[in-house]
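Q: Dumping the structure here so I can ask a few things about it.
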Amino acid sequence: GVTKPRAGCYIYTKDLDISSSQKDKEFVLKKVEEYGGQALKFAHDALKRDKNFLLNAMKLDSDALQYAHISLKKDRDFISLAVEGNGRCLKYASDDLKQDRDIVLKAVNNTPSSLQYSLGGLDRDEEVLKVSNLWNTDCDEMSELPLLYQSRVVMSTCFALGGDSTPQAIIFGALIREHPFFASFLIYHPSVWNIRTWDKKWTKNGHSPRGTFDTCLKKEDLKEGQLKEEESHWRYSYRCQLENALKAKIGFVIQLVEVDKDHPECHMLGDGQFIELELASKVGIKIFQVFQPVDVDGWDENY
């Protein structure tokens with residue numbers, strides 16, 4: 001048979017044959033280094049229960065945790081150590097631990113994109129977002145400057161039902177934050193940690209609010225003075241951010257267009273993104289659309 005290693009090419013599983021050295025830690029670690037965590041699939045069960053061995057293997061490739069004994073995936077202390085070393089290990093933790101705030105905080109602290117593996121709404125938890133430094137616009141000295149001297153990006157990414165960010169949105173957010181070009185930019189994402197700002201029709205294009213003072217359905221005192229983002233209607237908040245970006249020295253919108261999982265050959269916008277596109281067009285700000293690459297072998301959630 002064949003298997004797909006982390007590098008993206010295919011190799012024959014016979015190359016991973018470690019049957020003669022299943023208990024040899026040094027030999028198996030070399031296989032992990034060469035072929036990735038999948039090498040542990042063929043390791044002896046004793047190694048799959050060996051915490052120290054697995055921690056060393058996960059330093060080479062976080063996917064090694066995939067083949068650890070199920071009891072270790074539920075072991076809070078072990079997973080805590082694992083994500084401290086590599087946040088991507090959160091991917092293979094038990095569902096209960098993926099909802100553990102402390103575990104997730106440790107994971108995103110060293111690997112921001114690991115936020116995609118969290119559960120229980122932690123991908124819109126304010127502290128988690130700030131620790132990951134993905135969607136925090138308050139940490140930059142740029143925010144203290146007048147708009148005329150600021151550089152601003154307004155993001156438009158897809159959210160799943162219930163407001164959870166898609167994995168691609170989180171990965172893309174991490175890539176933007178890590179790119180040196182955006183080091184001095186204020187990067188704004190729609191507020192996703194306070195669902196009370198939403199209405200039941202928040203992604204319905206036929207819903208009357210259009211992000212303007214006249215069409216916003218929230219109380220007028222929220223629309224006076226400094227923007228109260230966590231209480232304002234999301235469309236009003238988003239349009240205000242678009243207008244601020246338009247007034248900035250450099251300002252534009254980046255919209256991530258994801259691959260349709262059901263039709264991998266096609267791309268699609270989320271319902272809310274159509275509204276954000278409309279608002280951006282009305283404001284008159286430049287929009288850059290970034291299309292998720294299509295894996296030649298079909299849709300890949302991490303591609």
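Residue names in the structure tokens use chain letters A, B, ... in the order shown, residue numbers from 1 in each chain, and ligand numbers from 1 in the order shown.
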Env of Leu65 in chain A: 8 Å cut, atoms = only C-alpha atoms, seq-sep filter 5 positions within chain, self excluded. Answer as a ChimeraX atom specification.
A: /A:37,54,58,73,89,92
Q: With all heavy atoms kept, could you save the residues just selected as a PDB file, in the first residue's frame?
A:
ATOM      1  N   GLY A  37       5.392  11.515  11.588  1.00  0.00           N
ATOM      2  CA  GLY A  37       4.755  10.804  12.690  1.00  0.00           C
ATOM      3  C   GLY A  37       4.090   9.506  12.311  1.00  0.00           C
ATOM      4  O   GLY A  37       3.866   8.641  13.169  1.00  0.00           O
ATOM      5  N   LEU A  54       7.303   9.504  23.282  1.00  0.00           N
ATOM      6  CA  LEU A  54       6.344  10.213  22.435  1.00  0.00           C
ATOM      7  C   LEU A  54       6.609  11.711  22.408  1.00  0.00           C
ATOM      8  O   LEU A  54       6.475  12.366  21.371  1.00  0.00           O
ATOM      9  CB  LEU A  54       4.920   9.932  22.911  1.00  0.00           C
ATOM     10  CG  LEU A  54       4.405   8.524  22.609  1.00  0.00           C
ATOM     11  CD1 LEU A  54       3.115   8.251  23.370  1.00  0.00           C
ATOM     12  CD2 LEU A  54       4.180   8.337  21.106  1.00  0.00           C
ATOM     13  N   MET A  58       7.206  13.799  19.102  1.00  0.00           N
ATOM     14  CA  MET A  58       6.371  14.937  18.721  1.00  0.00           C
ATOM     15  C   MET A  58       7.181  16.203  18.488  1.00  0.00           C
ATOM     16  O   MET A  58       6.715  17.126  17.817  1.00  0.00           O
ATOM     17  CB  MET A  58       5.288  15.168  19.779  1.00  0.00           C
ATOM     18  CG  MET A  58       4.167  14.135  19.710  1.00  0.00           C
ATOM     19  SD  MET A  58       2.846  14.443  20.886  1.00  0.00           S
ATOM     20  CE  MET A  58       3.613  13.902  22.416  1.00  0.00           C
ATOM     21  N   LYS A  73      -4.046  10.400  24.991  1.00  0.00           N
ATOM     22  CA  LYS A  73      -4.748  11.520  24.361  1.00  0.00           C
ATOM     23  C   LYS A  73      -5.760  12.151  25.315  1.00  0.00           C
ATOM     24  O   LYS A  73      -6.224  13.268  25.087  1.00  0.00           O
ATOM     25  CB  LYS A  73      -5.451  11.047  23.092  1.00  0.00           C
ATOM     26  CG  LYS A  73      -4.500  10.542  22.019  1.00  0.00           C
ATOM     27  CD  LYS A  73      -5.252  10.038  20.803  1.00  0.00           C
ATOM     28  CE  LYS A  73      -4.300   9.474  19.760  1.00  0.00           C
ATOM     29  NZ  LYS A  73      -4.994   8.974  18.552  1.00  0.00           N
ATOM     30  N   CYS A  89      -0.087  19.640  18.395  1.00  0.00           N
ATOM     31  CA  CYS A  89      -0.466  18.386  19.056  1.00  0.00           C
ATOM     32  C   CYS A  89      -1.919  18.428  19.523  1.00  0.00           C
ATOM     33  O   CYS A  89      -2.529  17.366  19.752  1.00  0.00           O
ATOM     34  CB  CYS A  89       0.449  18.111  20.242  1.00  0.00           C
ATOM     35  SG  CYS A  89       2.155  17.715  19.779  1.00  0.00           S
ATOM     36  N   TYR A  92      -4.738  16.080  18.017  1.00  0.00           N
ATOM     37  CA  TYR A  92      -4.998  14.680  18.351  1.00  0.00           C
ATOM     38  C   TYR A  92      -5.379  14.479  19.816  1.00  0.00           C
ATOM     39  O   TYR A  92      -5.512  13.345  20.270  1.00  0.00           O
ATOM     40  CB  TYR A  92      -3.771  13.832  18.011  1.00  0.00           C
ATOM     41  CG  TYR A  92      -3.417  13.899  16.544  1.00  0.00           C
ATOM     42  CD1 TYR A  92      -2.274  14.565  16.115  1.00  0.00           C
ATOM     43  CD2 TYR A  92      -4.261  13.331  15.588  1.00  0.00           C
ATOM     44  CE1 TYR A  92      -1.958  14.648  14.766  1.00  0.00           C
ATOM     45  CE2 TYR A  92      -3.954  13.412  14.235  1.00  0.00           C
ATOM     46  CZ  TYR A  92      -2.809  14.067  13.824  1.00  0.00           C
ATOM     47  OH  TYR A  92      -2.508  14.151  12.489  1.00  0.00           O
TER      48      TYR A  92
END
Q: Leaving out Leu115 in chain A and any residue of its chain fewer than 2 positions from it, which residues lie within 9 Å of it when counting only C-alpha atoms, given as a ChimeraX atom specification?
A: /A:87-88,90,104-105,107-108,111-113,117-119,122-123,128-129,132,167,170-171
Q: Write the residues of the preceding selection, restricted to N, CA and C atoms, as a PDB file, in the first residue's frame.
A:
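What ended up in selection-v3.pdb:
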ATOM      1  N   GLY A  87       2.148  23.263  19.566  1.00  0.00           N
ATOM      2  CA  GLY A  87       0.708  23.496  19.673  1.00  0.00           C
ATOM      3  C   GLY A  87      -0.134  22.639  18.758  1.00  0.00           C
ATOM      4  N   ARG A  88       0.452  22.186  17.645  1.00  0.00           N
ATOM      5  CA  ARG A  88      -0.300  21.357  16.700  1.00  0.00           C
ATOM      6  C   ARG A  88      -0.712  20.017  17.296  1.00  0.00           C
ATOM      7  N   LEU A  90      -2.473  19.613  19.656  1.00  0.00           N
ATOM      8  CA  LEU A  90      -3.868  19.742  20.075  1.00  0.00           C
ATOM      9  C   LEU A  90      -4.805  19.004  19.117  1.00  0.00           C
ATOM     10  N   VAL A 104      -5.719  24.911  25.555  1.00  0.00           N
ATOM     11  CA  VAL A 104      -5.754  25.658  24.296  1.00  0.00           C
ATOM     12  C   VAL A 104      -4.875  26.901  24.373  1.00  0.00           C
ATOM     13  N   LEU A 105      -4.880  27.579  25.515  1.00  0.00           N
ATOM     14  CA  LEU A 105      -4.027  28.761  25.675  1.00  0.00           C
ATOM     15  C   LEU A 105      -2.547  28.405  25.500  1.00  0.00           C
ATOM     16  N   ALA A 107      -1.400  25.908  23.778  1.00  0.00           N
ATOM     17  CA  ALA A 107      -1.183  25.523  22.374  1.00  0.00           C
ATOM     18  C   ALA A 107      -1.026  26.748  21.481  1.00  0.00           C
ATOM     19  N   VAL A 108      -1.951  27.712  21.603  1.00  0.00           N
ATOM     20  CA  VAL A 108      -1.908  28.874  20.705  1.00  0.00           C
ATOM     21  C   VAL A 108      -0.775  29.826  21.062  1.00  0.00           C
ATOM     22  N   THR A 111       1.908  28.137  18.941  1.00  0.00           N
ATOM     23  CA  THR A 111       1.493  27.818  17.570  1.00  0.00           C
ATOM     24  C   THR A 111       0.104  28.411  17.332  1.00  0.00           C
ATOM     25  N   PRO A 112       0.015  29.678  16.931  1.00  0.00           N
ATOM     26  CA  PRO A 112      -1.286  30.338  16.788  1.00  0.00           C
ATOM     27  C   PRO A 112      -2.291  29.579  15.936  1.00  0.00           C
ATOM     28  N   SER A 113      -1.819  28.937  14.864  1.00  0.00           N
ATOM     29  CA  SER A 113      -2.747  28.241  13.970  1.00  0.00           C
ATOM     30  C   SER A 113      -3.393  27.023  14.611  1.00  0.00           C
ATOM     31  N   TYR A 117      -7.982  23.703  16.007  1.00  0.00           N
ATOM     32  CA  TYR A 117      -8.340  22.401  16.576  1.00  0.00           C
ATOM     33  C   TYR A 117      -9.141  22.521  17.873  1.00  0.00           C
ATOM     34  N   SER A 118      -9.349  23.729  18.352  1.00  0.00           N
ATOM     35  CA  SER A 118     -10.082  23.912  19.607  1.00  0.00           C
ATOM     36  C   SER A 118     -11.570  23.659  19.404  1.00  0.00           C
ATOM     37  N   LEU A 119     -12.246  23.364  20.499  1.00  0.00           N
ATOM     38  CA  LEU A 119     -13.693  23.136  20.472  1.00  0.00           C
ATOM     39  C   LEU A 119     -14.350  23.980  21.567  1.00  0.00           C
ATOM     40  N   LEU A 122     -13.944  28.093  21.885  1.00  0.00           N
ATOM     41  CA  LEU A 122     -12.715  28.762  22.308  1.00  0.00           C
ATOM     42  C   LEU A 122     -12.060  29.542  21.175  1.00  0.00           C
ATOM     43  N   ASP A 123     -12.455  29.269  19.923  1.00  0.00           N
ATOM     44  CA  ASP A 123     -11.886  30.039  18.816  1.00  0.00           C
ATOM     45  C   ASP A 123     -12.476  31.434  18.729  1.00  0.00           C
ATOM     46  N   VAL A 128      -8.102  33.882  24.457  1.00  0.00           N
ATOM     47  CA  VAL A 128      -7.434  32.945  23.559  1.00  0.00           C
ATOM     48  C   VAL A 128      -7.010  33.657  22.276  1.00  0.00           C
ATOM     49  N   LEU A 129      -7.886  34.497  21.747  1.00  0.00           N
ATOM     50  CA  LEU A 129      -7.563  35.230  20.523  1.00  0.00           C
ATOM     51  C   LEU A 129      -6.390  36.174  20.738  1.00  0.00           C
ATOM     52  N   SER A 132      -3.090  34.233  21.099  1.00  0.00           N
ATOM     53  CA  SER A 132      -2.653  33.745  19.788  1.00  0.00           C
ATOM     54  C   SER A 132      -2.131  34.889  18.920  1.00  0.00           C
ATOM     55  N   PRO A 167     -11.161  26.235   9.803  1.00  0.00           N
ATOM     56  CA  PRO A 167      -9.709  26.025   9.947  1.00  0.00           C
ATOM     57  C   PRO A 167      -8.901  26.897   9.004  1.00  0.00           C
ATOM     58  N   ILE A 170      -8.491  30.474  10.276  1.00  0.00           N
ATOM     59  CA  ILE A 170      -7.513  30.585  11.359  1.00  0.00           C
ATOM     60  C   ILE A 170      -6.094  30.481  10.819  1.00  0.00           C
ATOM     61  N   ILE A 171      -5.860  29.514   9.920  1.00  0.00           N
ATOM     62  CA  ILE A 171      -4.528  29.358   9.329  1.00  0.00           C
ATOM     63  C   ILE A 171      -4.150  30.621   8.564  1.00  0.00           C
TER      64      ILE A 171
END
Q: CA of Ala93 in chain A and CA of Leu72 in chain A are how many Å apart?
A: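 That distance, rounded to one decimal, is 8.4 Å.
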Q: Skipping near chain neighbours, those fewer than 6 positions away, what residues fall within 10 Å of Leu40 in chain A using only C-alpha atoms, listed as a PDB file with C-alpha atoms, in the first residue's frame?
A:
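And here is the file that came out, part_22.pdb:
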ATOM      1  CA  LEU A  16       8.113   2.290   6.922  1.00  0.00           C
ATOM      2  CA  ILE A  18      10.035  -1.368  11.353  1.00  0.00           C
ATOM      3  CA  GLN A  22       9.514  -2.090  16.846  1.00  0.00           C
ATOM      4  CA  VAL A  28      11.886   4.467  15.396  1.00  0.00           C
ATOM      5  CA  LEU A  29      12.779   8.111  16.067  1.00  0.00           C
ATOM      6  CA  LYS A  31      12.005   6.797  10.991  1.00  0.00           C
ATOM      7  CA  VAL A  32       9.846   9.589  12.435  1.00  0.00           C
ATOM      8  CA  LEU A  47       6.330   2.816  22.592  1.00  0.00           C
ATOM      9  CA  LYS A  48       2.841   4.161  21.959  1.00  0.00           C
ATOM     10  CA  LEU A  54       6.344  10.213  22.435  1.00  0.00           C
ATOM     11  CA  ALA A  57       8.798  12.012  18.666  1.00  0.00           C
ATOM     12  CA  ASP A  63       1.443  13.984  13.953  1.00  0.00           C
ATOM     13  CA  ALA A  64       3.210  11.348  16.026  1.00  0.00           C
ATOM     14  CA  LEU A  65       0.515  11.882  18.663  1.00  0.00           C
ATOM     15  CA  GLN A  66      -2.028  10.429  16.250  1.00  0.00           C
ATOM     16  CA  TYR A  67      -0.710   6.935  16.964  1.00  0.00           C
ATOM     17  CA  ALA A  68      -0.259   7.313  20.719  1.00  0.00           C
TER      18      ALA A  68
END
Q: Can you pull out the residues contacting Gly121 in chain A? Cut-off 8 Å, using only C-alpha atoms, and skip same-chain residues under 3 positions away; I want them as a list of chain:residue names.
A: A:Gln99, A:Ser118, A:Arg124, A:Asp125, A:Asp164
Q: Could you write out the selected residues, including all heavy atoms, as a short mmCIF file (atom, residue, chain, number, x, y, z; two decimals), in the first residue's frame?
A:
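And here is the file that came out, out.cif:
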data_model
loop_
_atom_site.label_atom_id
_atom_site.label_comp_id
_atom_site.auth_asym_id
_atom_site.auth_seq_id
_atom_site.Cartn_x
_atom_site.Cartn_y
_atom_site.Cartn_z
N GLN A 99 -11.47 21.37 24.56
CA GLN A 99 -12.35 22.39 25.14
C GLN A 99 -11.79 22.95 26.44
O GLN A 99 -12.42 23.78 27.09
CB GLN A 99 -13.73 21.79 25.41
CG GLN A 99 -14.43 21.25 24.18
CD GLN A 99 -15.78 20.62 24.50
OE1 GLN A 99 -16.69 21.29 24.96
NE2 GLN A 99 -15.89 19.33 24.27
N SER A 118 -9.35 23.73 18.35
CA SER A 118 -10.08 23.91 19.61
C SER A 118 -11.57 23.66 19.40
O SER A 118 -12.09 23.73 18.29
CB SER A 118 -9.86 25.32 20.14
OG SER A 118 -10.46 26.29 19.29
N ARG A 124 -13.42 31.76 19.63
CA ARG A 124 -13.91 33.13 19.72
C ARG A 124 -13.83 33.65 21.16
O ARG A 124 -14.51 34.61 21.52
CB ARG A 124 -15.34 33.22 19.18
CG ARG A 124 -16.35 32.28 19.83
CD ARG A 124 -17.74 32.49 19.22
NE ARG A 124 -18.74 31.66 19.86
CZ ARG A 124 -19.11 30.48 19.44
NH1 ARG A 124 -18.54 29.99 18.36
NH2 ARG A 124 -20.04 29.78 20.07
N ASP A 125 -12.98 33.01 21.95
CA ASP A 125 -12.72 33.46 23.31
C ASP A 125 -11.71 34.61 23.25
O ASP A 125 -10.65 34.50 22.64
CB ASP A 125 -12.15 32.30 24.14
CG ASP A 125 -11.83 32.71 25.56
OD1 ASP A 125 -10.71 33.23 25.79
OD2 ASP A 125 -12.68 32.52 26.43
N ASP A 164 -18.32 29.72 14.57
CA ASP A 164 -16.98 29.18 14.68
C ASP A 164 -16.17 29.48 13.42
O ASP A 164 -16.68 29.36 12.30
CB ASP A 164 -17.02 27.66 14.90
CG ASP A 164 -17.64 27.30 16.24
OD1 ASP A 164 -17.43 28.08 17.18
OD2 ASP A 164 -18.32 26.27 16.32
#
Q: As a PDB file with all heavy atoms, in the first residue's frame, please: the residues near Glu258 in chain A (cut-off 6 Å, only C-alpha atoms, same-chain neighbours under 4 positions excluded).
A:
ATOM      1  N   HIS A 267     -14.732  27.318  -5.677  1.00  0.00           N
ATOM      2  CA  HIS A 267     -14.543  28.165  -4.502  1.00  0.00           C
ATOM      3  C   HIS A 267     -15.880  28.806  -4.142  1.00  0.00           C
ATOM      4  O   HIS A 267     -16.763  28.951  -4.994  1.00  0.00           O
ATOM      5  CB  HIS A 267     -13.512  29.261  -4.773  1.00  0.00           C
ATOM      6  CG  HIS A 267     -12.111  28.758  -4.870  1.00  0.00           C
ATOM      7  ND1 HIS A 267     -11.609  28.167  -6.005  1.00  0.00           N
ATOM      8  CD2 HIS A 267     -11.088  28.746  -3.961  1.00  0.00           C
ATOM      9  CE1 HIS A 267     -10.344  27.815  -5.809  1.00  0.00           C
ATOM     10  NE2 HIS A 267     -10.003  28.158  -4.579  1.00  0.00           N
ATOM     11  N   MET A 268     -16.028  29.180  -2.874  1.00  0.00           N
ATOM     12  CA  MET A 268     -17.292  29.798  -2.475  1.00  0.00           C
ATOM     13  C   MET A 268     -17.060  30.758  -1.306  1.00  0.00           C
ATOM     14  O   MET A 268     -16.129  30.595  -0.511  1.00  0.00           O
ATOM     15  CB  MET A 268     -18.300  28.734  -2.052  1.00  0.00           C
ATOM     16  CG  MET A 268     -17.899  27.915  -0.834  1.00  0.00           C
ATOM     17  SD  MET A 268     -19.148  26.725  -0.319  1.00  0.00           S
ATOM     18  CE  MET A 268     -20.471  27.826   0.186  1.00  0.00           C
ATOM     19  N   GLN A 292      -8.083  30.010  -1.727  1.00  0.00           N
ATOM     20  CA  GLN A 292      -7.437  28.840  -1.145  1.00  0.00           C
ATOM     21  C   GLN A 292      -6.981  27.918  -2.265  1.00  0.00           C
ATOM     22  O   GLN A 292      -7.747  27.607  -3.180  1.00  0.00           O
ATOM     23  CB  GLN A 292      -8.404  28.094  -0.227  1.00  0.00           C
ATOM     24  CG  GLN A 292      -7.822  26.831   0.390  1.00  0.00           C
ATOM     25  CD  GLN A 292      -8.870  25.992   1.093  1.00  0.00           C
ATOM     26  OE1 GLN A 292     -10.028  26.377   1.196  1.00  0.00           O
ATOM     27  NE2 GLN A 292      -8.464  24.838   1.585  1.00  0.00           N
TER      28      GLN A 292
END
Q: Could you check which of A:Glu26, A:Gln168, A:Gly251, A:Leu147 is closest to Tyr188 in chain A, using only C-alpha atoms?
A: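 Of A:Glu26, A:Gln168, A:Gly251, A:Leu147, the one nearest Tyr188 in chain A is A:Gly251, counting only C-alpha atoms.
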Q: Which residues are near Phe172 in chain A? Cut-off 12 Å, only C-alpha atoms, ignore same chain within fewer than 4 positions. Put them as a PyMOL selection string.
A: chain A and resi 112-116+134-135+155-158+165-168+176-179+189+254-258+290-293+302-303
Q: What is the distance between CA of Phe252 in chain A and CA of Ile287 in chain A, in Å to one decimal?
A: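 CA of Ile287 in chain A lies at a distance of 6.0 Å from CA of Phe252 in chain A.
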Q: How far is it from CA of Val153 in chain A to CA of Lys130 in chain A, in Å with one decimal?
A: 17.3 Å
